[in-house]
Amino acid sequence: MTDKYRGKGMDRRYSGEAVDITYNLKRCIHAAECVQRLSEVFNTQRRPWITADAASADQIAATVEHCPSGALHYERKDGGSSERTPNTNRIVIWQNGPLQFSGDLRIEGAAVDVQDETRATLCRCGASHNKPFCDNSHKDIAFDGSLGAPLQAVPNEEGGTLRITVNPNGSLRIEGAFTLYDEQGNALFSGTETWLCRCGGSQDKPFCDGSHRANGFKAD
Ligand code: SF4
Ligand code: FES
C-alpha cells in the first residue's frame with residue numbers, strides 16, 4: 001500500500017478558513033516545536049488542541065514545517081504555496097535518539113509506504129512500538145546512541161529523491177544523495193548509499209554492522 005504522506009485515515013484534520021492542518025498522533029514525538037512556536041494554534045491544554053483559524057496561514061505553514069517528525073502537515077485553501085521539497089537530503093543523528101530526516105523522502109518496506117514526504121523521525125534504538133518511526137521509547141530504555149568511529153564529511157551538493165528501505169528485522173537502506181549531521185549541525189558524512197542501524201546494537205553507529213543478526217532483532 002502506498003500513501004502520499006503517511007497513512008491517511010490515521011490523520012486527524014483540523015479545518016480553518018485559509019488552511020487545514022493534519023495531525024498524525026503516532027508520528028508525533030512530542031518535540032513541542034509547534035506549541036512553543038505558535039501556542040495560539042497548538043495548545044495541548046485545550047480541546048481540540050489545534051485551532052486552525054487562530055493565526056495566519058503563513059504563520060501556520062512556517063510552524064508546521066518545523067515539525068521534525070512529519071506528524072503535522074498543512075493544506076492551503078487560500079492559494080498560498082504548499083510546502084517546498086528541500087533541495088538536499090539531511091539526516092540529523094539525535095544524541096541517544098532517532099534519525100531526523102528532511103528532504104525528498106520515500107520510505108518503503110514499512111506497513112505503509114510513504115512518498116512525497118519532507119520530514120520524518122525514524123527509530124534507531126530498536127525499541128519503538130511504531131517502527132520504523134520513533135515513538136520516544138529511546139527515553140524509556142535509556143538508549144546509548146554513541147557513535148562508532150569518528151566521521152568526516154565529504155562535500156555533497158546533490159539532491160533528488162532519498163529512498164529509505166526498511167529491511168525486515170534489519171537496517172535502513174539509504175539510496176540517494178544525503179549528508180549526515182550531528183545535533184549541532186556539523187556535517188559528519190555524505191554519500192549516495194549506506195545502511196543505517198535501527199536495532200540499536202551496532203558498534204559502528206550510525207551505520208549497520210550486522211549486529212541485528214546476532215542480537216535477534218525483531219522489528220514487529
Ligand atoms: S512539532 Fe510535530 S513532533 Fe513536535 S509536538 Fe508538534 S506535532 Fe509532535
Ligand atoms: S530512537 Fe526513538 S523510539 Fe527508537
# chains A, B, ... in the order shown; residues from 1 in each chain; ligands from 1
>>> residues_near_ligand(ligand="ligand 2", cutoff="6 Å", atoms="only C-alpha atoms and all ligand atoms", output="short mmCIF file (atom, residue, chain, number, x, y, z; two decimals) with C-alpha atoms, in the first residue's frame")
data_model
loop_
_atom_site.label_atom_id
_atom_site.label_comp_id
_atom_site.auth_asym_id
_atom_site.auth_seq_id
_atom_site.Cartn_x
_atom_site.Cartn_y
_atom_site.Cartn_z
CA GLY A 97 17.54 9.43 19.97
CA PRO A 98 16.18 8.99 16.47
CA CYS A 123 13.86 4.86 15.28
CA ARG A 124 17.49 3.83 15.74
CA CYS A 125 17.21 2.37 19.27
CA GLY A 126 15.17 -0.69 18.28
CA ALA A 127 12.50 -0.15 20.94
CA SER A 128 9.80 1.89 19.17
CA CYS A 134 10.40 6.91 16.59
CA ASP A 135 7.82 6.96 19.40
CA ASN A 136 10.14 8.23 22.15
CA SER A 137 10.78 4.73 23.53
CA HIS A 138 14.51 5.56 23.47
#
>>> residues_near_ligand(ligand="ligand 1", cutoff="9 Å", atoms="only C-alpha atoms and all ligand atoms", output="mmCIF file with all heavy atoms, in the first residue's frame")
data_model
loop_
_atom_site.group_PDB
_atom_site.id
_atom_site.type_symbol
_atom_site.label_atom_id
_atom_site.label_comp_id
_atom_site.auth_asym_id
_atom_site.auth_seq_id
_atom_site.Cartn_x
_atom_site.Cartn_y
_atom_site.Cartn_z
ATOM 1 N N TYR A 23 -2.855 16.011 11.498
ATOM 2 C CA TYR A 23 -2.001 15.588 12.616
ATOM 3 C C TYR A 23 -2.073 14.077 12.759
ATOM 4 O O TYR A 23 -3.152 13.498 12.803
ATOM 5 C CB TYR A 23 -2.484 16.254 13.908
ATOM 6 C CG TYR A 23 -1.781 15.753 15.155
ATOM 7 C CD1 TYR A 23 -0.426 15.963 15.335
ATOM 8 C CD2 TYR A 23 -2.483 15.070 16.150
ATOM 9 C CE1 TYR A 23 0.221 15.511 16.482
ATOM 10 C CE2 TYR A 23 -1.852 14.624 17.300
ATOM 11 C CZ TYR A 23 -0.499 14.847 17.455
ATOM 12 O OH TYR A 23 0.141 14.394 18.584
ATOM 13 N N ASN A 24 -0.908 13.451 12.814
ATOM 14 C CA ASN A 24 -0.823 12.009 12.972
ATOM 15 C C ASN A 24 -0.208 11.728 14.338
ATOM 16 O O ASN A 24 1.001 11.890 14.519
ATOM 17 C CB ASN A 24 0.032 11.413 11.843
ATOM 18 C CG ASN A 24 0.047 9.904 11.866
ATOM 19 O OD1 ASN A 24 0.294 9.310 12.906
ATOM 20 N ND2 ASN A 24 -0.201 9.299 10.725
ATOM 21 N N LEU A 25 -1.023 11.318 15.258
ATOM 22 C CA LEU A 25 -0.569 11.112 16.644
ATOM 23 C C LEU A 25 0.576 10.109 16.724
ATOM 24 O O LEU A 25 1.529 10.288 17.489
ATOM 25 C CB LEU A 25 -1.748 10.629 17.513
ATOM 26 C CG LEU A 25 -1.407 10.211 18.940
ATOM 27 C CD1 LEU A 25 -0.850 11.388 19.731
ATOM 28 C CD2 LEU A 25 -2.643 9.636 19.638
ATOM 29 N N ARG A 27 2.921 9.521 14.708
ATOM 30 C CA ARG A 27 4.193 10.070 14.219
ATOM 31 C C ARG A 27 4.759 11.125 15.169
ATOM 32 O O ARG A 27 5.913 11.515 15.037
ATOM 33 C CB ARG A 27 3.998 10.686 12.835
ATOM 34 C CG ARG A 27 3.698 9.676 11.732
ATOM 35 C CD ARG A 27 4.963 9.063 11.164
ATOM 36 N NE ARG A 27 5.827 10.060 10.567
ATOM 37 C CZ ARG A 27 5.745 10.455 9.298
ATOM 38 N NH1 ARG A 27 4.868 9.930 8.496
ATOM 39 N NH2 ARG A 27 6.593 11.356 8.825
ATOM 40 N N CYS A 28 3.947 11.631 16.070
ATOM 41 C CA CYS A 28 4.379 12.738 16.938
ATOM 42 C C CYS A 28 5.353 12.227 17.993
ATOM 43 O O CYS A 28 5.101 11.231 18.656
ATOM 44 C CB CYS A 28 3.164 13.367 17.612
ATOM 45 S SG CYS A 28 3.571 14.706 18.732
ATOM 46 N N ILE A 29 6.487 12.929 18.125
ATOM 47 C CA ILE A 29 7.447 12.562 19.172
ATOM 48 C C ILE A 29 7.493 13.630 20.265
ATOM 49 O O ILE A 29 8.431 13.692 21.043
ATOM 50 C CB ILE A 29 8.860 12.335 18.599
ATOM 51 C CG1 ILE A 29 9.364 13.580 17.873
ATOM 52 C CG2 ILE A 29 8.884 11.124 17.686
ATOM 53 C CD1 ILE A 29 10.845 13.510 17.546
ATOM 54 N N HIS A 30 6.466 14.460 20.284
ATOM 55 C CA HIS A 30 6.283 15.431 21.370
ATOM 56 C C HIS A 30 7.516 16.307 21.541
ATOM 57 O O HIS A 30 7.961 16.562 22.656
ATOM 58 C CB HIS A 30 5.887 14.712 22.661
ATOM 59 C CG HIS A 30 4.716 13.801 22.442
ATOM 60 N ND1 HIS A 30 3.446 14.276 22.182
ATOM 61 C CD2 HIS A 30 4.631 12.444 22.366
ATOM 62 C CE1 HIS A 30 2.620 13.249 21.984
ATOM 63 N NE2 HIS A 30 3.310 12.134 22.081
ATOM 64 N N ALA A 31 8.061 16.723 20.402
ATOM 65 C CA ALA A 31 9.218 17.619 20.428
ATOM 66 C C ALA A 31 8.797 19.039 20.799
ATOM 67 O O ALA A 31 9.648 19.870 21.087
ATOM 68 C CB ALA A 31 9.922 17.622 19.070
ATOM 69 N N ALA A 32 7.483 19.311 20.742
ATOM 70 C CA ALA A 32 6.906 20.572 21.215
ATOM 71 C C ALA A 32 7.309 21.786 20.394
ATOM 72 O O ALA A 32 7.097 22.915 20.814
ATOM 73 C CB ALA A 32 7.236 20.797 22.682
ATOM 74 N N GLU A 33 7.882 21.571 19.207
ATOM 75 C CA GLU A 33 8.181 22.712 18.340
ATOM 76 C C GLU A 33 6.923 23.523 18.074
ATOM 77 O O GLU A 33 6.942 24.750 18.077
ATOM 78 C CB GLU A 33 8.751 22.217 16.999
ATOM 79 C CG GLU A 33 10.151 21.699 17.062
ATOM 80 C CD GLU A 33 11.181 22.825 17.104
ATOM 81 O OE1 GLU A 33 10.832 23.966 16.777
ATOM 82 O OE2 GLU A 33 12.320 22.543 17.483
ATOM 83 N N CYS A 34 5.817 22.827 17.852
ATOM 84 C CA CYS A 34 4.574 23.500 17.467
ATOM 85 C C CYS A 34 4.030 24.363 18.603
ATOM 86 O O CYS A 34 3.702 25.532 18.402
ATOM 87 C CB CYS A 34 3.541 22.473 17.003
ATOM 88 S SG CYS A 34 3.268 21.113 18.160
ATOM 89 N N VAL A 35 3.965 23.809 19.810
ATOM 90 C CA VAL A 35 3.375 24.565 20.922
ATOM 91 C C VAL A 35 4.293 25.711 21.332
ATOM 92 O O VAL A 35 3.825 26.760 21.776
ATOM 93 C CB VAL A 35 3.049 23.655 22.132
ATOM 94 C CG1 VAL A 35 1.991 22.645 21.763
ATOM 95 C CG2 VAL A 35 4.275 22.933 22.651
ATOM 96 N N GLN A 36 5.584 25.527 21.174
ATOM 97 C CA GLN A 36 6.498 26.613 21.547
ATOM 98 C C GLN A 36 6.501 27.728 20.510
ATOM 99 O O GLN A 36 6.643 28.896 20.854
ATOM 100 C CB GLN A 36 7.916 26.065 21.739
ATOM 101 C CG GLN A 36 8.048 25.273 23.030
ATOM 102 C CD GLN A 36 9.373 24.541 23.139
ATOM 103 O OE1 GLN A 36 10.267 24.711 22.317
ATOM 104 N NE2 GLN A 36 9.494 23.703 24.149
ATOM 105 N N ARG A 37 6.310 27.386 19.269
ATOM 106 C CA ARG A 37 6.374 28.404 18.220
ATOM 107 C C ARG A 37 5.060 29.124 18.014
ATOM 108 O O ARG A 37 5.047 30.300 17.642
ATOM 109 C CB ARG A 37 6.807 27.757 16.887
ATOM 110 C CG ARG A 37 8.260 27.371 16.852
ATOM 111 C CD ARG A 37 8.607 26.628 15.573
ATOM 112 N NE ARG A 37 9.981 26.194 15.579
ATOM 113 C CZ ARG A 37 11.000 26.933 15.148
ATOM 114 N NH1 ARG A 37 10.783 28.100 14.616
ATOM 115 N NH2 ARG A 37 12.235 26.471 15.224
ATOM 116 N N PHE A 42 -1.525 25.791 18.523
ATOM 117 C CA PHE A 42 -1.212 24.469 19.090
ATOM 118 C C PHE A 42 -1.128 24.601 20.614
ATOM 119 O O PHE A 42 -0.186 25.193 21.142
ATOM 120 C CB PHE A 42 0.122 23.959 18.530
ATOM 121 C CG PHE A 42 0.147 23.877 17.031
ATOM 122 C CD1 PHE A 42 0.713 24.897 16.268
ATOM 123 C CD2 PHE A 42 -0.408 22.788 16.372
ATOM 124 C CE1 PHE A 42 0.738 24.834 14.889
ATOM 125 C CE2 PHE A 42 -0.386 22.715 14.989
ATOM 126 C CZ PHE A 42 0.184 23.740 14.240
ATOM 127 N N THR A 63 5.266 27.216 10.951
ATOM 128 C CA THR A 63 5.386 26.403 12.171
ATOM 129 C C THR A 63 5.348 24.922 11.845
ATOM 130 O O THR A 63 6.184 24.143 12.329
ATOM 131 C CB THR A 63 4.254 26.765 13.150
ATOM 132 O OG1 THR A 63 4.374 28.139 13.483
ATOM 133 C CG2 THR A 63 4.335 25.916 14.410
ATOM 134 N N VAL A 64 4.396 24.529 11.032
ATOM 135 C CA VAL A 64 4.256 23.107 10.686
ATOM 136 C C VAL A 64 5.542 22.583 10.036
ATOM 137 O O VAL A 64 5.973 21.452 10.296
ATOM 138 C CB VAL A 64 3.038 22.901 9.765
ATOM 139 C CG1 VAL A 64 3.076 21.530 9.116
ATOM 140 C CG2 VAL A 64 1.742 23.100 10.542
ATOM 141 N N GLU A 65 6.182 23.422 9.244
ATOM 142 C CA GLU A 65 7.400 22.967 8.560
ATOM 143 C C GLU A 65 8.564 22.747 9.526
ATOM 144 O O GLU A 65 9.574 22.156 9.148
ATOM 145 C CB GLU A 65 7.775 23.955 7.444
ATOM 146 C CG GLU A 65 6.769 23.890 6.296
ATOM 147 C CD GLU A 65 7.072 24.838 5.158
ATOM 148 O OE1 GLU A 65 8.229 25.296 5.062
ATOM 149 O OE2 GLU A 65 6.153 25.113 4.362
ATOM 150 N N HIS A 66 8.416 23.174 10.760
ATOM 151 C CA HIS A 66 9.436 22.887 11.777
ATOM 152 C C HIS A 66 9.128 21.615 12.561
ATOM 153 O O HIS A 66 9.932 21.217 13.413
ATOM 154 C CB HIS A 66 9.558 24.060 12.759
ATOM 155 C CG HIS A 66 10.437 25.153 12.252
ATOM 156 N ND1 HIS A 66 9.953 26.250 11.583
ATOM 157 C CD2 HIS A 66 11.784 25.305 12.290
ATOM 158 C CE1 HIS A 66 10.967 27.038 11.238
ATOM 159 N NE2 HIS A 66 12.078 26.476 11.652
ATOM 160 N N CYS A 67 8.004 20.987 12.308
ATOM 161 C CA CYS A 67 7.683 19.723 12.991
ATOM 162 C C CYS A 67 8.653 18.652 12.475
ATOM 163 O O CYS A 67 8.612 18.289 11.304
ATOM 164 C CB CYS A 67 6.239 19.322 12.703
ATOM 165 S SG CYS A 67 5.836 17.654 13.237
ATOM 166 N N PRO A 68 9.559 18.155 13.307
ATOM 167 C CA PRO A 68 10.609 17.268 12.794
ATOM 168 C C PRO A 68 10.099 15.902 12.348
ATOM 169 O O PRO A 68 10.693 15.270 11.469
ATOM 170 C CB PRO A 68 11.562 17.136 13.996
ATOM 171 C CG PRO A 68 10.712 17.377 15.192
ATOM 172 C CD PRO A 68 9.675 18.385 14.756
ATOM 173 N N SER A 69 9.000 15.462 12.964
ATOM 174 C CA SER A 69 8.564 14.082 12.761
ATOM 175 C C SER A 69 7.679 13.893 11.541
ATOM 176 O O SER A 69 7.444 12.767 11.117
ATOM 177 C CB SER A 69 7.787 13.609 13.988
ATOM 178 O OG SER A 69 6.575 14.342 14.076
ATOM 179 N N GLY A 70 7.164 14.992 10.992
ATOM 180 C CA GLY A 70 6.186 14.875 9.917
ATOM 181 C C GLY A 70 4.802 14.539 10.436
ATOM 182 O O GLY A 70 3.916 14.209 9.647
ATOM 183 N N ALA A 71 4.596 14.640 11.745
ATOM 184 C CA ALA A 71 3.255 14.415 12.305
ATOM 185 C C ALA A 71 2.273 15.471 11.820
ATOM 186 O O ALA A 71 1.086 15.210 11.680
ATOM 187 C CB ALA A 71 3.308 14.416 13.832
ATOM 188 N N LEU A 72 2.800 16.664 11.571
ATOM 189 C CA LEU A 72 1.950 17.771 11.116
ATOM 190 C C LEU A 72 2.191 18.049 9.639
ATOM 191 O O LEU A 72 3.340 18.049 9.177
ATOM 192 C CB LEU A 72 2.266 19.049 11.902
ATOM 193 C CG LEU A 72 1.888 19.077 13.380
ATOM 194 C CD1 LEU A 72 2.461 20.334 14.034
ATOM 195 C CD2 LEU A 72 0.384 19.029 13.558
ATOM 196 N N HIS A 73 1.093 18.301 8.921
ATOM 197 C CA HIS A 73 1.156 18.819 7.562
ATOM 198 C C HIS A 73 0.049 19.848 7.404
ATOM 199 O O HIS A 73 -0.832 19.960 8.265
ATOM 200 C CB HIS A 73 0.991 17.695 6.534
ATOM 201 C CG HIS A 73 2.233 16.878 6.347
ATOM 202 N ND1 HIS A 73 3.237 17.223 5.472
ATOM 203 C CD2 HIS A 73 2.648 15.739 6.939
ATOM 204 C CE1 HIS A 73 4.207 16.341 5.520
ATOM 205 N NE2 HIS A 73 3.879 15.415 6.419
ATOM 206 N N THR A 121 11.040 11.248 11.570
ATOM 207 C CA THR A 121 11.998 10.819 12.590
ATOM 208 C C THR A 121 11.878 9.303 12.708
ATOM 209 O O THR A 121 10.823 8.771 13.046
ATOM 210 C CB THR A 121 11.720 11.493 13.953
ATOM 211 O OG1 THR A 121 10.327 11.490 14.221
ATOM 212 C CG2 THR A 121 12.234 12.923 13.993
#
>>> closest_residue(among="A:Ser146, A:Glu83, A:Leu38, A:Trp49", to="Arg12 in chain A", atoms="only C-alpha atoms")
A:Trp49
>>> closest_residue(among="A:Phe101, A:Ala219, A:His129, A:Ile91", to="Leu180 in chain A", atoms="only C-alpha atoms")
A:Ile91
>>> atom_distance(atom1="CA of Ser211 in chain A", atom2="CA of Asp144 in chain A")
15.2 Å
>>> select_by_dssp(residues="range 20-164 of chain A", states="strand (DSSP E or B)", output="ChimeraX atom specification")
/A:20-24,42,50,72-76,90-93,99-108,113-122,133,162-164
>>> residues_around(residues="Thr51 in chain A", least_positions_apart="3", cutoff="10 Å", atoms="only C-alpha atoms", output="list of chain:residue names")
A:Tyr14, A:Ser15, A:Gly16, A:Asp20, A:Ile21, A:Ser39, A:Glu40, A:Val41, A:Phe42, A:Asn43, A:Arg46, A:Arg47, A:Pro48, A:Ala54, A:Ala55
>>> atom_distance(atom1="CA of Asn87 in chain A", atom2="CA of Gly103 in chain A")
6.8 Å
>>> residues_around(residues="Ile107 in chain A", least_positions_apart="3", cutoff="6 Å", atoms="only C-alpha atoms", output="ChimeraX atom specification")
/A:113-114,164-165
>>> residues_around(residues="Gly79 in chain A", least_positions_apart="6", cutoff="12 Å", atoms="only C-alpha atoms", output="NGL selection string")
:A and (17-19 or 57-58)
>>> residues_around(residues="Trp195 in chain A", least_positions_apart="6", cutoff="10 Å", atoms="only C-alpha atoms", output="list in words")
Ile164, Thr165, Val166, Asn167, Gly170, Ser171, Leu172, Arg173, Ile174, Glu175, Pro206, Phe207, Cys208, Asp209 and Gly210 of chain A
>>> closest_residue(among="A:Glu75, A:Ala177, A:Gly200, A:Leu99", to="Ile141 in chain A", atoms="only C-alpha atoms")
A:Gly200
>>> closest_residue(among="A:Arg213, A:Lys139, A:Lys77, A:Arg84", to="Thr118 in chain A", atoms="only C-alpha atoms")
A:Arg84
